[in-house]
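Here is the structure we will look at, set down as structure tokens.
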Amino acid sequence: MDLTKNNGLNLKSEAAEFFLFECEKDLHKILEHSEAIEKKIQVIGSGTNTIFPRHFSNIVIKSTNNNFKFSEEGDIAKLEVGAAVVWDDLVDFCCSKNLHGLENLAGIPGTVGAAPIQNIGAYGVEVSNLIDYVECFDTKLKITRKIRNENCDFAYRKSVFQVETNLIVTAIGLKLQKEFNPVLNHESIQDKTYRKASDMIDGIRTIRNTKIPNPLDFPNLGSFFKNPIMAKEKYNSNHKLKDLKHYEMPNEMIKFSAGEMLDKLSLKGMKIRNVGLSTKHALVLTSTGIAAAKDIKYVEDILRNMVLEHYGVELEREPIYL
Ligand SMILES: Cc1cc2nc3c(=O)[nH]c(=O)nc-3n(C[C@H](O)[C@H](O)[C@H](O)COP(=O)(O)OP(=O)(O)OC[C@H]3O[C@@H](n4cnc5c(N)ncnc54)[C@H](O)[C@@H]3O)c2cc1C
């Protein structure tokens with residue numbers, strides 16, 4: 001199966017073993033096959049946060065579960081959504097049904113099944129604020145489990161699913177509001193007034209389009225590094241960080257913009273081996289021609305080393321090499 005068009009950087013990629021799955025029965029069959037040929041299983045979504053190899057050695061699988069299940073509990077609307085649903089389609093669907101809470105997360109590419117993996121977040125909201133449970137097929141126990149929010153170990157761009165890769169997300173359960181109460185804490189939207197959810201969704205997509213290069217023109221994975229977070233004490237003792245913008249966080253922590261660090265090092269727009277940093281946003285790594293995972297790694301290492309040398313800060317990568 002050719003997966004070149006199934007990854008955000010358009011890296012040439014193939015999987016000798018590729019299967020779609022919709023339900024638990026399909027996963028049992030795939031698991032039996034994987035045990036028989038002694039190959040691991042690699043689940044993918046739309047490949048917008050992953051760096052694909054030229055040839056997958058594992059069995060690659062992808063959900064086709066597009067189901068929705070709705071229920072109500074007083075003011076709370078509960079919606080279970082299949083892993084294959086496109087995240088941004090879900091945002092529009094909820095808006096059309098007057099179900100609220102996802103507005104800040106409009107415009108994020110990818111699938112519903114991948115949303116809890118790195119706990120997608122934007123403009124002051126993380127998906128963990130809305131998740132009730134994550135339905136998973138556990139390949140170790142060979143059963144379907146519903147993992148409640150409090151057991152998902154959600155944090156900034158983190159969750160238990162990054163560690164327990166035996167959990168294949170089959171659906172997510174969301175708790176949504178029936179009234180539109182916009183969350184406007186983020187600095188980019190704090191001065192805005194949105195009368196309707198659809199206005200907010202359009203507004204967020206417009207802001208995103210001005211900041212992030214369009215993946216159709218410039219193949220990319222969104223932010224390539226996480227914004228560093230460190231203890232205030234460490235910040236105070238590092239004079240190299242003094243001329244950077246910083247944001248106070250709970251528990252005496254400070255957050256920086258990794259994009260600003262790269263920008264201040266004049267790396268915006270740099271390019272080596274058909275890999276570069278966008279001229280629009282220094283945190284967005286783009287593939288500008290034929291490139292492979294090793295080229296991405298080469299550029300990643302240069303960027304990390306420069307930031308470490310100059311600021312004494314170790315950047316953490318956001319996308320995952322498969
Ligand atoms: C232009 C652009 C902008 C972006 N903006 C944001 C942003 O604002 N905020 C943000 O948080 N992210 C952002 N991202 C990153 C990306 O959109 C999200 O991480 C998204 O959730 C990835 O979805 P995907 O389906 O493409 O996942 P993939 O890249 O296919 O997979 C990501 C990870 O999830 C795992 N996975 C996928 N499906 C499943 C499943 N069913 N069960 C278990 N594991 C699974 C994969 O194994 C992999 O480890 C952006 C990306 C791009 C290209």
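Residues are named by chain letter and number: chains run A, B, ... in the order of the structure tokens, numbers start at 1 in each chain, and ligands are numbered from 1 in the order shown.
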For this session: Would you mind listing what lies within 12 Å of Met306 (chain A) as a ChimeraX atom specification, with only C-alpha atoms counted and same-chain residues fewer than 2 positions away left out?
Result: /A:261-267,299-304,308-315
Could you take the residues named above and write them with C-alpha atoms, as a compact mmCIF listing (two decimals), in the first residue's frame?
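Output saved as selection-v3.txt:
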# COMPACT_ATOMS: atom_id res chain seq x y z
CA MET A 261 13.68 30.85 19.96
CA LEU A 262 14.12 29.56 16.41
CA ASP A 263 13.10 32.92 14.96
CA LYS A 264 15.60 34.83 17.13
CA LEU A 265 18.31 32.49 15.87
CA SER A 266 17.40 33.64 12.31
CA LEU A 267 16.28 30.13 11.37
CA VAL A 299 17.48 19.07 10.28
CA GLU A 300 15.81 18.34 13.62
CA ASP A 301 19.21 17.67 15.23
CA ILE A 302 20.69 20.90 13.86
CA LEU A 303 17.77 22.93 15.24
CA ARG A 304 17.83 21.25 18.65
CA LEU A 308 20.54 24.04 23.29
CA GLU A 309 23.79 25.87 22.64
CA HIS A 310 22.23 29.32 22.57
CA TYR A 311 19.49 29.09 25.20
CA GLY A 312 20.50 26.05 27.27
CA VAL A 313 17.06 24.56 26.57
CA GLU A 314 16.45 21.07 25.20
CA LEU A 315 13.54 21.20 22.73
Considering only C-alpha atoms and all ligand atoms, give me a table of residues in chain A that are at most 7 Å from ligand 1, with the closest atom pair and distance in Å for each, as a tab-separated table.
residue	atom	partner	partner_atom_place_in_ligand_line	distance
A:Gly8	CA	ligand 1	53 (C)	5.8
A:Gln42	CA	ligand 1	47 (O)	6.2
A:Val43	CA	ligand 1	47 (O)	4.7
A:Ile44	CA	ligand 1	30 (O)	4.1
A:Gly45	CA	ligand 1	30 (O)	3.3
A:Ser46	CA	ligand 1	26 (O)	3.6
A:Gly47	CA	ligand 1	29 (O)	3.3
A:Thr48	CA	ligand 1	26 (O)	3.5
A:Asn49	CA	ligand 1	29 (O)	3.5
A:Thr50	CA	ligand 1	29 (O)	4.2
A:Lys62	CA	ligand 1	41 (N)	6.9
A:Ser63	CA	ligand 1	41 (N)	6.2
A:Ala83	CA	ligand 1	41 (N)	5.4
A:Ile108	CA	ligand 1	5 (N)	4.8
A:Pro109	CA	ligand 1	17 (O)	4.1
A:Gly110	CA	ligand 1	23 (O)	3.4
A:Thr111	CA	ligand 1	25 (O)	3.8
A:Val112	CA	ligand 1	25 (O)	6.8
A:Gly113	CA	ligand 1	41 (N)	4.0
A:Ala114	CA	ligand 1	37 (C)	4.0
A:Ala115	CA	ligand 1	21 (O)	4.1
A:Ile117	CA	ligand 1	34 (O)	5.3
A:Gln118	CA	ligand 1	19 (O)	6.1
A:Asn119	CA	ligand 1	11 (O)	6.3
A:Ile120	CA	ligand 1	11 (O)	3.1
A:Gly121	CA	ligand 1	11 (O)	4.2
A:Ala122	CA	ligand 1	8 (O)	4.7
A:Arg157	CA	ligand 1	11 (O)	6.6
A:Phe161	CA	ligand 1	43 (C)	6.9
A:Gln162	CA	ligand 1	49 (O)	6.8
A:Leu167	CA	ligand 1	43 (C)	6.1
A:Ile168	CA	ligand 1	42 (N)	3.8
A:Val169	CA	ligand 1	42 (N)	3.6
A:Thr170	CA	ligand 1	41 (N)	5.7
A:Ile212	CA	ligand 1	1 (C)	6.2
A:Pro213	CA	ligand 1	1 (C)	6.8
A:Asn214	CA	ligand 1	1 (C)	6.4
A:Pro215	CA	ligand 1	1 (C)	5.7
A:Asn220	CA	ligand 1	53 (C)	5.2
A:Leu221	CA	ligand 1	53 (C)	3.5
A:Gly222	CA	ligand 1	2 (C)	3.5
A:Ser223	CA	ligand 1	4 (C)	6.4
A:Ile320	CA	ligand 1	49 (O)	5.9
Export C-alpha atoms of the chosen residues as a CSV table (one decimal), in the first residue's frame?
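Output below, filename part_24.csv:
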chain,number,residue,atom,x,y,z
A,8,GLY,CA,1.7,15.3,6.2
A,42,GLN,CA,1.2,0.2,13.8
A,43,VAL,CA,-2.0,2.3,13.9
A,44,ILE,CA,-2.1,5.5,11.8
A,45,GLY,CA,-4.7,8.3,11.3
A,46,SER,CA,-4.1,10.9,8.6
A,47,GLY,CA,-0.3,11.1,9.2
A,48,THR,CA,-0.4,14.8,10.1
A,49,ASN,CA,1.7,14.3,13.2
A,50,THR,CA,3.9,11.5,12.1
A,62,LYS,CA,-6.3,2.5,10.0
A,63,SER,CA,-9.8,2.9,11.4
A,83,ALA,CA,-11.9,7.1,15.4
A,108,ILE,CA,-6.7,21.1,13.5
A,109,PRO,CA,-6.0,18.5,10.9
A,110,GLY,CA,-6.2,14.7,11.6
A,111,THR,CA,-8.6,12.2,12.9
A,112,VAL,CA,-10.7,11.8,16.0
A,113,GLY,CA,-8.8,8.6,17.0
A,114,ALA,CA,-5.5,10.5,17.1
A,115,ALA,CA,-6.8,13.6,19.0
A,117,ILE,CA,-2.8,10.7,21.7
A,118,GLN,CA,-1.0,14.0,22.1
A,119,ASN,CA,-4.1,15.7,23.7
A,120,ILE,CA,-4.5,18.2,20.8
A,121,GLY,CA,-4.8,21.7,21.9
A,122,ALA,CA,-5.1,25.2,20.5
A,157,ARG,CA,0.7,17.3,24.4
A,161,PHE,CA,-1.6,6.4,24.9
A,162,GLN,CA,1.9,7.6,23.9
A,167,LEU,CA,-4.2,0.7,23.2
A,168,ILE,CA,-5.8,1.2,19.8
A,169,VAL,CA,-8.4,4.1,20.0
A,170,THR,CA,-11.7,3.0,18.4
A,212,ILE,CA,0.4,28.3,9.6
A,213,PRO,CA,1.4,27.5,6.0
A,214,ASN,CA,-1.2,25.6,4.1
A,215,PRO,CA,-0.1,21.9,4.1
A,220,ASN,CA,4.1,20.2,7.1
A,221,LEU,CA,3.1,18.7,10.5
A,222,GLY,CA,2.1,21.9,12.3
A,223,SER,CA,4.4,22.7,15.3
A,320,ILE,CA,6.5,10.9,16.1
Exercise. Smallest atom-to-atom distance to Asp138 (chain A): which of A:Ala282, A:Ala155, A:Ile207, A:Glu164, using only C-alpha atoms?
Worked result: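 Of the candidates, the smallest distance to Asp138 (chain A) is held by A:Glu164.
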For this session: Between A:Ala84, A:Ile296, A:Ile229, A:Val127, single out the one closest to Asn274 (chain A), counting only C-alpha atoms.
Result: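 Of A:Ala84, A:Ile296, A:Ile229, A:Val127, the one nearest Asn274 (chain A), counting only C-alpha atoms, is A:Ile296.
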Exercise. Could you pull out all residues of region 46-237 of chain A with a DSSP call of alpha helix (DSSP H) and give them as a ChimeraX atom specification?
Worked result: /A:87-96,197-211,232-236
Keeping only C-alpha atoms, write the selected residues as a tab-separated table (two decimals), in the first residue's frame.
chain	number	residue	atom	x	y	z
A	87	TRP	CA	-11.49	16.11	13.49
A	88	ASP	CA	-12.44	19.33	11.72
A	89	ASP	CA	-15.62	17.71	10.29
A	90	LEU	CA	-16.57	16.86	13.88
A	91	VAL	CA	-16.15	20.54	14.82
A	92	ASP	CA	-18.60	21.54	12.04
A	93	PHE	CA	-20.99	18.70	12.86
A	94	CYS	CA	-21.19	19.75	16.53
A	95	CYS	CA	-21.72	23.38	15.57
A	96	SER	CA	-24.60	22.41	13.25
A	197	ALA	CA	-20.22	29.36	17.57
A	198	SER	CA	-19.93	29.41	13.76
A	199	ASP	CA	-18.41	32.95	13.94
A	200	MET	CA	-15.84	31.72	16.42
A	201	ILE	CA	-14.98	28.67	14.32
A	202	ASP	CA	-14.55	30.87	11.21
A	203	GLY	CA	-12.48	33.32	13.28
A	204	ILE	CA	-10.17	30.62	14.63
A	205	ARG	CA	-9.68	29.12	11.15
A	206	THR	CA	-8.83	32.56	9.77
A	207	ILE	CA	-6.22	33.17	12.51
A	208	ARG	CA	-4.72	29.73	11.86
A	209	ASN	CA	-4.56	30.32	8.09
A	210	THR	CA	-2.65	33.56	8.57
A	211	LYS	CA	-0.11	31.88	10.88
A	232	LYS	CA	10.51	29.51	37.61
A	233	GLU	CA	13.68	28.83	39.63
A	234	LYS	CA	15.45	27.39	36.58
A	235	TYR	CA	14.26	30.33	34.45
A	236	ASN	CA	15.58	32.85	36.98
For this session: Enter the distance from CA of His281 (chain A) to CA of Leu11 (chain A), in Å, rounded to one decimal.
Result: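 Computing it gives 21.0 Å between the two atoms.
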For this session: Using only C-alpha atoms, determine which residues lie at most 12 Å from Thr288 (chain A), disregarding the query and same-chain residues fewer than 5 positions distant; provide the list as a ChimeraX atom specification.
Result: /A:9-11,215-220,269-278,295-296
Problem set entry | Shell of 9 Å around Asn65 (chain A), only C-alpha atoms, local chain residues under 4 positions omitted, as a PyMOL selection string | chain A and resi 21-23+81-85+170-171
For this session: Please return as a ChimeraX atom specification: the residues of region 14-180 of chain A that backbone DSSP assigns to strand (DSSP E).
Result: /A:14-15,18-21,41-44,50-51,55-56,59-63,68-73,76-82,121-122,125-126,131-138,143-148,167-177
Exercise. Suppose you want the space between CA of Arg54 (chain A) and CA of Lys294 (chain A); what is it in Å?
Worked result: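 It comes out at 9.9 Å.
Of the residues under consideration (A:Glu73, A:Glu252, A:Asp153, A:Glu260), A:Glu73 shows the shortest atom-to-atom contact distance to Lys175 (chain A) when counting only C-alpha atoms.
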Exercise. What is the distance between CA of Lys158 (chain A) and CA of Pro116 (chain A), in Å to one decimal?
Worked result: 8.4 Å
For this session: Find the residue from A:Asn151, A:Cys136, A:Lys255, A:Asn181 that sits nearest to Thr165 (chain A); use only C-alpha atoms when measuring.
Result: A:Cys136
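Using only C-alpha atoms, the smallest distance between any of A:Glu135, A:Asp2, A:Glu17, A:Glu103 and Tyr194 (chain A) comes from A:Glu103.
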Exercise. Which one of A:Leu244, A:Val134, A:Val183, A:Leu283 sits closest to Phe224 (chain A) if you count only C-alpha atoms?
Worked result: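 The closest residue to Phe224 (chain A) is A:Leu283.
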